[in-house]
file final-v7.txt (compact mmCIF, C-alpha atoms and all ligand atoms)
# COMPACT_ATOMS: atom_id res chain seq x y z
CA MET A 29 121.77 96.44 103.79
CA LYS A 30 119.62 95.13 100.94
CA ALA A 31 116.18 93.47 100.78
CA THR A 32 113.53 92.60 98.20
CA ALA A 33 109.80 92.31 98.88
CA LYS A 34 106.72 91.57 96.78
CA ALA A 35 103.29 92.99 97.58
CA HIS A 36 99.94 92.64 95.87
CA THR A 37 97.40 95.36 95.36
CA ASN A 38 94.01 95.16 97.02
CA ILE A 39 90.46 96.06 96.11
CA ALA A 40 88.37 97.81 98.74
CA LEU A 41 84.94 96.30 99.34
CA ILE A 42 84.22 98.90 102.03
CA LYS A 43 85.96 102.05 100.83
CA TYR A 44 88.49 104.27 102.52
CA TRP A 45 87.08 107.62 101.51
CA GLY A 46 88.11 110.62 103.60
CA LYS A 47 90.98 111.64 105.83
CA ARG A 48 90.80 113.17 109.28
CA ASN A 49 94.55 113.87 109.16
CA GLU A 50 96.40 114.31 105.86
CA ALA A 51 99.92 114.63 107.25
CA ILE A 52 100.10 111.15 108.75
CA ILE A 53 97.20 109.70 106.70
CA LEU A 54 94.46 108.95 109.22
CA PRO A 55 91.07 108.02 107.73
CA THR A 56 87.55 109.10 108.65
CA ASN A 57 86.30 105.50 108.58
CA ASN A 58 87.35 101.86 108.64
CA SER A 59 87.74 100.08 105.31
CA LEU A 60 87.91 96.44 104.24
CA SER A 61 89.60 94.92 101.20
CA LEU A 62 90.54 91.76 99.32
CA THR A 63 94.17 91.40 98.26
CA LEU A 64 94.43 90.29 94.61
CA ASP A 65 96.95 87.94 93.02
CA GLY A 66 96.77 89.56 89.57
CA TYR A 67 98.58 92.75 90.43
CA TYR A 68 101.80 93.12 92.38
CA THR A 69 104.96 95.16 92.83
CA THR A 70 108.43 93.80 93.50
CA THR A 71 110.75 96.28 95.19
CA THR A 72 114.43 96.09 96.13
CA VAL A 73 115.90 98.60 98.56
CA GLU A 74 119.65 98.88 99.16
CA PHE A 75 120.94 101.35 101.74
CA ASP A 76 124.51 102.39 100.90
CA GLU A 77 126.64 104.81 102.91
CA SER A 78 128.42 105.96 99.76
CA LEU A 79 125.18 107.45 98.36
CA SER A 80 124.55 111.19 98.75
CA GLN A 81 120.83 110.94 97.88
CA ASP A 82 118.10 108.36 97.24
CA GLN A 83 117.61 107.00 93.76
CA PHE A 84 114.31 105.47 92.60
CA ILE A 85 113.96 103.39 89.45
CA LEU A 86 110.36 102.48 88.58
CA ASP A 87 109.75 100.03 85.75
CA GLU A 88 113.28 100.65 84.44
CA GLN A 89 112.79 104.45 84.36
CA ILE A 90 114.54 106.83 86.75
CA ALA A 91 111.66 108.35 88.70
CA SER A 92 111.51 112.08 89.35
CA GLY A 93 109.09 114.73 90.57
CA GLU A 94 106.08 113.65 92.66
CA GLN A 95 106.91 109.92 92.38
CA TYR A 96 110.48 110.48 93.61
CA ASN A 97 109.38 112.91 96.32
CA ARG A 98 106.83 110.50 97.77
CA VAL A 99 109.40 107.68 97.92
CA THR A 100 112.20 109.73 99.48
CA ALA A 101 109.79 111.24 102.01
CA PHE A 102 108.70 107.71 102.89
CA LEU A 103 112.32 106.58 103.25
CA ASP A 104 112.81 109.50 105.66
CA ILE A 105 110.24 107.87 107.96
CA ILE A 106 112.16 104.57 107.78
CA ARG A 107 115.48 106.35 108.43
CA GLN A 108 113.97 108.13 111.40
CA MET A 109 112.56 104.87 112.80
CA ALA A 110 115.99 103.21 112.46
CA GLY A 111 117.98 106.25 113.60
CA LYS A 112 120.19 105.94 110.51
CA GLN A 113 121.02 108.68 108.00
CA LEU A 114 121.64 106.40 104.99
CA PHE A 115 120.44 106.88 101.42
CA ALA A 116 119.14 104.06 99.25
CA ASN A 117 118.80 102.74 95.74
CA VAL A 118 115.17 101.70 95.23
CA THR A 119 114.12 99.56 92.26
CA SER A 120 110.43 98.76 91.75
CA VAL A 121 108.78 96.70 89.06
CA ASN A 122 105.00 96.87 88.78
CA GLU A 123 102.97 93.95 87.52
CA VAL A 124 100.13 96.46 87.59
CA PRO A 125 99.09 97.57 84.14
CA THR A 126 99.07 101.32 84.75
CA ALA A 127 96.26 101.57 82.22
CA ALA A 128 94.22 99.51 84.65
CA GLY A 129 94.13 102.58 86.84
CA PHE A 130 94.71 100.28 89.77
CA ALA A 131 96.04 102.07 92.77
CA SER A 132 99.55 100.77 92.05
CA SER A 133 100.45 102.94 94.99
CA ALA A 134 98.91 100.21 97.17
CA SER A 135 101.24 97.39 96.10
CA GLY A 136 104.06 99.89 95.57
CA PHE A 137 104.10 101.35 99.06
CA ALA A 138 103.53 97.99 100.74
CA ALA A 139 106.52 96.49 98.90
CA LEU A 140 108.63 99.58 99.61
CA ALA A 141 107.77 99.55 103.32
CA ALA A 142 108.59 95.85 103.63
CA ALA A 143 111.86 95.95 101.66
CA GLY A 144 112.99 99.29 103.11
CA SER A 145 112.37 98.41 106.76
CA LYS A 146 114.07 95.03 106.35
CA ALA A 147 117.06 96.48 104.47
CA ILE A 148 117.74 99.10 107.15
CA GLY A 149 117.62 96.44 109.85
CA LEU A 150 114.16 97.01 111.36
CA HIS A 151 112.27 93.85 112.26
CA LEU A 152 108.67 95.04 112.17
CA SER A 153 105.62 93.01 113.11
CA GLU A 154 102.81 92.90 110.54
CA LYS A 155 100.94 95.49 112.62
CA GLU A 156 103.99 97.79 112.72
CA LEU A 157 104.60 97.26 108.98
CA SER A 158 100.96 98.09 108.19
CA ARG A 159 101.18 101.24 110.33
CA LEU A 160 104.37 102.27 108.50
CA THR A 161 102.88 101.51 105.06
CA ARG A 162 99.86 103.66 105.89
CA ARG A 163 102.15 106.68 105.97
CA GLY A 164 102.93 106.07 102.27
CA SER A 165 99.41 105.49 101.02
CA GLY A 166 96.39 104.65 103.12
CA SER A 167 94.96 101.77 101.11
CA ALA A 168 98.43 100.19 100.89
CA CYS A 169 98.36 99.34 104.60
CA ARG A 170 95.82 96.60 103.83
CA SER A 171 98.17 94.85 101.37
CA ILE A 172 100.40 93.62 104.19
CA TYR A 173 97.93 90.77 104.53
CA GLY A 174 96.66 88.31 101.97
CA GLY A 175 92.96 87.65 101.54
CA PHE A 176 90.52 89.91 103.40
CA ALA A 177 91.87 92.69 105.63
CA GLU A 178 90.29 95.54 107.61
CA TRP A 179 91.98 98.87 108.20
CA GLU A 180 91.03 100.03 111.67
CA MET A 181 90.82 103.80 111.52
CA GLY A 182 91.94 104.14 115.14
CA MET A 183 90.92 106.83 117.58
CA ARG A 184 94.32 108.33 118.47
CA GLU A 185 95.55 111.46 116.70
CA ASP A 186 99.13 110.11 116.58
CA GLY A 187 98.01 107.15 114.44
CA GLU A 188 99.44 104.50 116.76
CA ASP A 189 96.16 102.56 116.58
CA SER A 190 95.53 103.00 112.83
CA TYR A 191 96.63 99.90 110.88
CA ALA A 192 95.15 96.87 109.11
CA ILE A 193 94.29 93.52 110.67
CA PRO A 194 93.70 90.19 108.88
CA ILE A 195 90.06 89.08 108.46
CA ALA A 196 90.45 85.87 106.43
CA PRO A 197 93.41 84.40 104.48
CA ALA A 198 93.65 84.13 100.67
CA ASN A 199 92.70 80.43 100.69
CA TYR A 200 89.56 81.03 102.75
CA TRP A 201 87.23 81.67 99.81
CA ASP A 202 87.86 81.54 96.06
CA ILE A 203 85.92 84.58 94.88
CA ARG A 204 87.17 86.31 91.76
CA VAL A 205 87.68 89.88 90.55
CA ALA A 206 87.80 90.99 86.91
CA ALA A 207 89.37 94.42 86.43
CA VAL A 208 87.65 95.84 83.36
CA VAL A 209 90.11 98.27 81.80
CA LEU A 210 88.48 101.06 79.85
CA SER A 211 90.05 103.06 77.08
CA ALA A 212 89.13 106.24 78.96
CA THR A 213 92.30 108.27 79.36
CA LYS A 214 91.01 111.61 80.69
CA LYS A 215 92.85 112.28 83.95
CA SER A 216 90.36 112.10 86.75
CA VAL A 217 90.73 113.79 90.10
CA SER A 218 93.30 111.90 92.21
CA SER A 219 91.97 109.91 95.17
CA ARG A 220 93.83 112.25 97.52
CA ALA A 221 92.35 115.40 95.94
CA GLY A 222 88.94 113.75 95.53
CA MET A 223 88.76 112.79 99.19
CA ARG A 224 89.81 116.25 100.32
CA ARG A 225 87.21 118.05 98.19
CA THR A 226 84.48 115.64 99.26
CA VAL A 227 85.24 115.84 102.97
CA GLU A 228 85.41 119.62 102.84
CA THR A 229 82.36 120.38 100.69
CA SER A 230 79.95 117.48 100.12
CA PRO A 231 76.69 117.50 102.12
CA PHE A 232 76.45 113.74 101.38
CA PHE A 233 79.72 112.94 103.18
CA GLN A 234 78.10 112.59 106.60
CA GLY A 235 75.55 110.16 105.17
CA TRP A 236 78.47 108.12 103.82
CA LEU A 237 80.11 108.00 107.24
CA ASP A 238 76.82 107.13 108.96
CA SER A 239 76.44 104.04 106.76
CA ILE A 240 79.90 102.52 107.32
CA SER A 241 79.36 100.60 110.55
CA TYR A 242 76.31 98.77 109.14
CA ASP A 243 78.12 97.97 105.86
CA LEU A 244 81.18 96.67 107.74
CA ALA A 245 79.14 94.45 110.06
CA GLU A 246 77.09 93.04 107.17
CA ILE A 247 80.06 92.37 104.89
CA LYS A 248 82.07 90.66 107.65
CA GLN A 249 79.08 88.45 108.39
CA GLY A 250 78.84 87.67 104.67
CA ILE A 251 82.56 86.80 104.45
CA LYS A 252 82.32 84.58 107.52
CA ALA A 253 79.35 82.74 106.01
CA ARG A 254 80.87 82.75 102.50
CA ASP A 255 77.58 84.35 101.40
CA PHE A 256 78.50 85.83 98.03
CA GLN A 257 75.20 87.64 97.53
CA GLN A 258 75.51 89.42 100.88
CA VAL A 259 79.15 90.41 100.24
CA GLY A 260 78.41 91.51 96.67
CA GLU A 261 75.33 93.56 97.53
CA ILE A 262 77.06 95.40 100.36
CA ALA A 263 80.24 96.04 98.36
CA GLU A 264 78.32 97.41 95.37
CA ALA A 265 76.07 99.60 97.54
CA ASN A 266 79.05 100.91 99.49
CA CYS A 267 80.83 101.83 96.26
CA MET A 268 77.73 103.66 95.00
CA LYS A 269 77.48 105.67 98.23
CA MET A 270 81.15 106.61 98.01
CA HIS A 271 80.72 107.87 94.45
CA ALA A 272 77.47 109.64 95.36
CA THR A 273 79.44 111.86 97.75
CA THR A 274 81.47 113.25 94.83
CA LEU A 275 78.33 114.45 93.07
CA GLY A 276 77.58 116.76 96.01
CA ALA A 277 81.07 118.21 96.24
CA LYS A 278 81.92 121.78 95.24
CA PRO A 279 82.63 121.71 92.39
CA PRO A 280 80.90 118.39 91.76
CA PHE A 281 82.86 115.64 90.05
CA THR A 282 82.61 111.98 89.15
CA TYR A 283 85.14 109.29 88.31
CA TRP A 284 82.70 107.60 85.94
CA HIS A 285 83.02 107.73 82.17
CA ASP A 286 80.41 106.58 79.65
CA THR A 287 81.85 103.06 79.48
CA THR A 288 81.85 102.86 83.28
CA LEU A 289 78.05 103.02 83.14
CA VAL A 290 77.90 100.55 80.24
CA VAL A 291 79.79 97.99 82.35
CA MET A 292 77.64 98.69 85.41
CA GLN A 293 74.45 98.14 83.41
CA LYS A 294 75.81 94.93 81.89
CA VAL A 295 76.53 93.64 85.41
CA TRP A 296 72.97 94.46 86.45
CA GLU A 297 71.65 92.75 83.31
CA MET A 298 73.62 89.57 84.05
CA ARG A 299 72.36 89.67 87.63
CA SER A 300 68.76 89.96 86.39
CA GLN A 301 69.46 86.78 84.41
CA GLY A 302 70.33 85.01 87.66
CA ILE A 303 74.14 85.25 87.60
CA PRO A 304 75.64 86.29 90.97
CA VAL A 305 77.85 89.18 89.84
CA TYR A 306 78.53 92.60 91.40
CA PHE A 307 80.89 95.54 90.82
CA THR A 308 82.96 98.06 92.69
CA ILE A 309 84.73 101.19 91.43
CA ASP A 310 87.57 103.21 92.93
CA ALA A 311 88.93 106.69 92.14
CA GLY A 312 88.93 106.13 88.40
CA PRO A 313 86.66 105.01 85.53
CA ASN A 314 87.59 101.31 85.61
CA VAL A 315 85.15 98.79 87.01
CA LYS A 316 86.11 95.77 89.12
CA VAL A 317 83.59 92.95 88.76
CA LEU A 318 83.11 90.40 91.56
CA TYR A 319 82.00 86.89 90.58
CA LEU A 320 82.36 83.20 91.38
CA PRO A 321 84.76 80.86 89.52
CA GLU A 322 82.02 78.91 87.74
CA HIS A 323 80.94 82.03 85.85
CA GLU A 324 84.42 83.25 84.89
CA ALA A 325 84.37 82.31 81.19
CA TYR A 326 80.91 83.78 80.53
CA ILE A 327 81.61 86.99 82.44
CA GLU A 328 85.03 87.51 80.82
CA GLN A 329 83.55 87.04 77.36
CA THR A 330 80.45 89.19 78.00
CA LEU A 331 82.44 92.10 79.42
CA GLY A 332 85.19 91.75 76.82
CA GLU A 333 82.66 92.34 74.02
CA LEU A 334 81.62 95.76 75.36
CA GLN A 335 82.50 98.85 73.37
CA GLY A 336 85.32 100.80 75.06
CA VAL A 337 86.69 97.86 77.05
CA THR A 338 90.38 97.42 76.23
CA ASP A 339 91.41 94.70 78.69
CA ILE A 340 90.02 92.33 81.29
CA ARG A 341 92.42 91.31 84.04
CA LEU A 342 91.31 88.34 86.18
CA SER A 343 92.40 87.94 89.80
CA LYS A 344 92.01 85.42 92.57
CA PRO A 345 92.58 86.29 96.23
CA GLY A 346 96.24 87.19 96.66
CA GLN A 347 98.92 86.67 99.30
CA GLY A 348 100.31 89.28 101.66
CA ILE A 349 103.90 90.48 101.75
CA THR A 350 106.60 88.01 100.69
CA TYR A 351 110.38 88.52 100.94
CA ILE A 352 112.53 87.26 98.07
O1 LIG B 401 91.07 101.80 98.19
C1 LIG B 401 90.09 102.33 98.80
O2 LIG B 401 89.77 102.06 99.97
C2 LIG B 401 89.25 103.37 98.09
C3 LIG B 401 90.06 104.29 97.17
O3 LIG B 401 90.81 103.49 96.27
C4 LIG B 401 89.18 105.19 96.35
F1 LIG B 401 88.25 104.58 95.78
C5 LIG B 401 90.91 105.21 97.99
C6 LIG B 401 92.36 105.00 97.80
O4 LIG B 401 93.03 106.10 98.39
P1 LIG B 401 94.62 106.12 98.45
O5 LIG B 401 95.17 106.15 97.06
O6 LIG B 401 95.10 105.02 99.33
O7 LIG B 401 94.83 107.53 99.15
P2 LIG B 401 96.10 108.07 99.93
O8 LIG B 401 96.01 107.59 101.36
O9 LIG B 401 95.96 109.56 99.84
O10 LIG B 401 97.33 107.55 99.21
call {"tool": "encode", "arguments": {"input": "final-v7.txt", "output": "structure tokens"}}
result
Amino acid sequence: MKATAKAHTNIALIKYWGKRNEAIILPTNNSLSLTLDGYYTTTTVEFDESLSQDQFILDEQIASGEQYNRVTAFLDIIRQMAGKQLFANVTSVNEVPTAAGFASSASGFAALAAAGSKAIGLHLSEKELSRLTRRGSGSACRSIYGGFAEWEMGMREDGEDSYAIPIAPANYWDIRVAAVVLSATKKSVSSRAGMRRTVETSPFFQGWLDSISYDLAEIKQGIKARDFQQVGEIAEANCMKMHATTLGAKPPFTYWHDTTLVVMQKVWEMRSQGIPVYFTIDAGPNVKVLYLPEHEAYIEQTLGELQGVTDIRLSKPGQGITYI
């Protein structure tokens, strides 16, 4: 009863920002992402009837506290689906530089869902696997697919219709993402806490929701046409609207640090010089820069020279779940 799976993280171009149900993780809006090849998690799950509790080893460290609790609670869902009361040894290795502030929970929960469901003997479709992964971490449900994926928020309150669907495969369009890692270390508000505070208190949240259907339609048209300017403009604007909601929360907050703005302004400067380059930012200070392959060397060098930038991690579109 053992299986190993590898999953890549993804970068949202239309953000998941807000839950309508926290218990089973149902979002307030659809989101759309690109799976990246530069960051992934490999997870092995072995169910063993001799075990009296789950054990979770993350990057060669025995996990405890919140990390352990989220994994064992997730395994409970898998046990319940399979009707088996077995405990498991879980071993995860992240090729996700934690300093990058990437939501390693995305690749982590996707790999855990895939390996855990297979190890316990469930044969889930991609849709069923995405729906299961969503219960671990919302954005992770998009990592089931390679390339571009859209998480349909669903209308049902039991979440049966809330899962990701593939939009275009990894080999459809070679656009690139540079994760600009900043030295900022101050703990920002977690995405979960940030969403909650924003939904509950920000007067700008409704404006965010009202803009989603237009952004989604425009970005899908841009992807279909391989129109980088259209995709970049929409993604950057959507990110700015998401972050604007946090400024209206009570108490207000922002994920941006000083270097975040330095990188943003450098992207705008390069764009004013005629280079097609855009950015997006998640629940942290790091900036993810979108560009085309022909500009990779110049963009990597230009961003790498900025004060406060400690690493640049380049990604191409990544694959969905693979079993090893
Ligand atoms: O990825 C995106 O769409 C946008 C964000 O990264 C924020 F910018 C949200 C990620 O939220 P996640 O960590 O998935 O929350 P969970 O469901 O509470 O685990």
call {"tool": "residues_near_ligand", "arguments": {"input": "final-v7.txt", "ligand": "ligand LIG 401 (chain B)", "cutoff": "7 Å", "atoms": "only C-alpha atoms and all ligand atoms", "output": "JSON, numbers by chain"}}
result
{"A": [39, 40, 42, 43, 44, 45, 53, 59, 131, 133, 134, 164, 165, 166, 167, 168, 219, 220, 309, 310, 311]}
call {"tool": "closest_residue", "arguments": {"input": "final-v7.txt", "among": "A:Ser230, A:Thr63, A:Thr71, A:Asn117", "to": "A:Ala142", "atoms": "all atoms listed in the file"}}
result
A:Thr71
call {"tool": "closest_atom_pairs", "arguments": {"input": "final-v7.txt", "of": "stretch 66-181 of chain A", "to": "stretch 346-351 of chain A", "cutoff": "7 Å", "atoms": "all atoms listed in the file", "output": "tab-separated table"}}
result
residue	atom	partner	partner_atom	distance
A:Ser171	CA	A:Gly348	CA	6.0
A:Ile172	CA	A:Gly348	CA	5.0
A:Tyr173	CA	A:Gly348	CA	4.0
A:Gly174	CA	A:Gly348	CA	3.8
A:Gly175	CA	A:Gly346	CA	5.9
call {"tool": "atom_distance", "arguments": {"input": "final-v7.txt", "atom1": "atom CA of A:Gln293", "atom2": "atom CA of A:Gln257"}}
result
17.6 Å
call {"tool": "residues_around", "arguments": {"input": "final-v7.txt", "residues": "stretch 236-248 of chain A", "least_positions_apart": "4", "cutoff": "12 Å", "atoms": "only C-alpha atoms", "output": "ChimeraX atom specification"}}
result
/A:40-47,55-62,176-181,194-196,226-227,230-232,252-274,276
call {"tool": "residues_near_point", "arguments": {"input": "final-v7.txt", "point": "(83.8, 112.8, 88.5)", "cutoff": "9 Å", "atoms": "all atoms listed in the file", "output": "ChimeraX atom specification"}}
result
/A:216-217,222,271,274-275,280-285,311-313
call {"tool": "atom_distance", "arguments": {"input": "final-v7.txt", "atom1": "atom CA of A:Gln113", "atom2": "atom CA of A:Glu77"}}
result
8.5 Å
call {"tool": "residues_around", "arguments": {"input": "final-v7.txt", "residues": "A:Val290", "least_positions_apart": "4", "cutoff": "9 Å", "atoms": "only C-alpha atoms", "output": "PDB file with C-alpha atoms, keeping the file's coordinate frame"}}
result
ATOM      1  CA  ASP A 286      80.410 106.580  79.650  1.00  0.00           C
ATOM      2  CA  LYS A 294      75.810  94.930  81.890  1.00  0.00           C
ATOM      3  CA  VAL A 295      76.530  93.640  85.410  1.00  0.00           C
ATOM      4  CA  LEU A 334      81.620  95.760  75.360  1.00  0.00           C
ATOM      5  CA  GLN A 335      82.500  98.850  73.370  1.00  0.00           C
TER       6      GLN A 335
END
call {"tool": "atom_distance", "arguments": {"input": "final-v7.txt", "atom1": "atom CA of A:Glu50", "atom2": "atom CA of A:Ser80"}}
result
29.2 Å
call {"tool": "residues_around", "arguments": {"input": "final-v7.txt", "residues": "A:Gln89", "least_positions_apart": "4", "cutoff": "10 Å", "atoms": "all atoms listed in the file", "output": "ChimeraX atom specification"}}
result
/A:84-85,119-121
call {"tool": "write_last_selection", "arguments": {"input": "final-v7.txt", "atoms": "C-alpha atoms", "output": "short mmCIF file (atom, residue, chain, number, x, y, z; two decimals), in the coordinates of the input"}}
result
data_model
loop_
_atom_site.label_atom_id
_atom_site.label_comp_id
_atom_site.auth_asym_id
_atom_site.auth_seq_id
_atom_site.Cartn_x
_atom_site.Cartn_y
_atom_site.Cartn_z
CA PHE A 84 114.31 105.47 92.60
CA ILE A 85 113.96 103.39 89.45
CA THR A 119 114.12 99.56 92.26
CA SER A 120 110.43 98.76 91.75
CA VAL A 121 108.78 96.70 89.06
#
call {"tool": "closest_residue", "arguments": {"input": "final-v7.txt", "among": "A:Ala192, A:Ser92, A:Lys30, A:Gly149", "to": "A:Ala116", "atoms": "only C-alpha atoms"}}
result
A:Lys30
call {"tool": "closest_residue", "arguments": {"input": "final-v7.txt", "among": "A:Ile148, A:Val291, A:Val317, A:Ile106", "to": "A:Asp76", "atoms": "only C-alpha atoms"}}
result
A:Ile148
call {"tool": "residues_around", "arguments": {"input": "final-v7.txt", "residues": "A:Arg341", "least_positions_apart": "2", "cutoff": "7 Å", "atoms": "all atoms listed in the file", "output": "ChimeraX atom specification"}}
result
/A:206-208,339,343
call {"tool": "closest_residue", "arguments": {"input": "final-v7.txt", "among": "A:Asn38, A:Tyr67, A:Thr288, A:Glu88", "to": "A:Ser211", "atoms": "all atoms listed in the file"}}
result
A:Thr288
call {"tool": "closest_residue", "arguments": {"input": "final-v7.txt", "among": "A:Gly182, A:Pro345, A:Gly136, A:Gly336", "to": "A:Glu123", "atoms": "only C-alpha atoms"}}
result
A:Gly136
call {"tool": "axis_aligned_box", "arguments": {"input": "final-v7.txt", "around": "stretch 57-76 of chain A", "padding_each_side": "4 Å", "output": "lines of an AutoDock Vina configuration file"}}
result
center_x = 105.4
center_y = 96.7
center_z = 99.1
size_x = 46.2
size_y = 25.6
size_z = 27.1
call {"tool": "closest_residue", "arguments": {"input": "final-v7.txt", "among": "A:Val305, A:Glu156, A:Tyr200, A:Asp87", "to": "A:Thr69", "atoms": "all atoms listed in the file"}}
result
A:Asp87
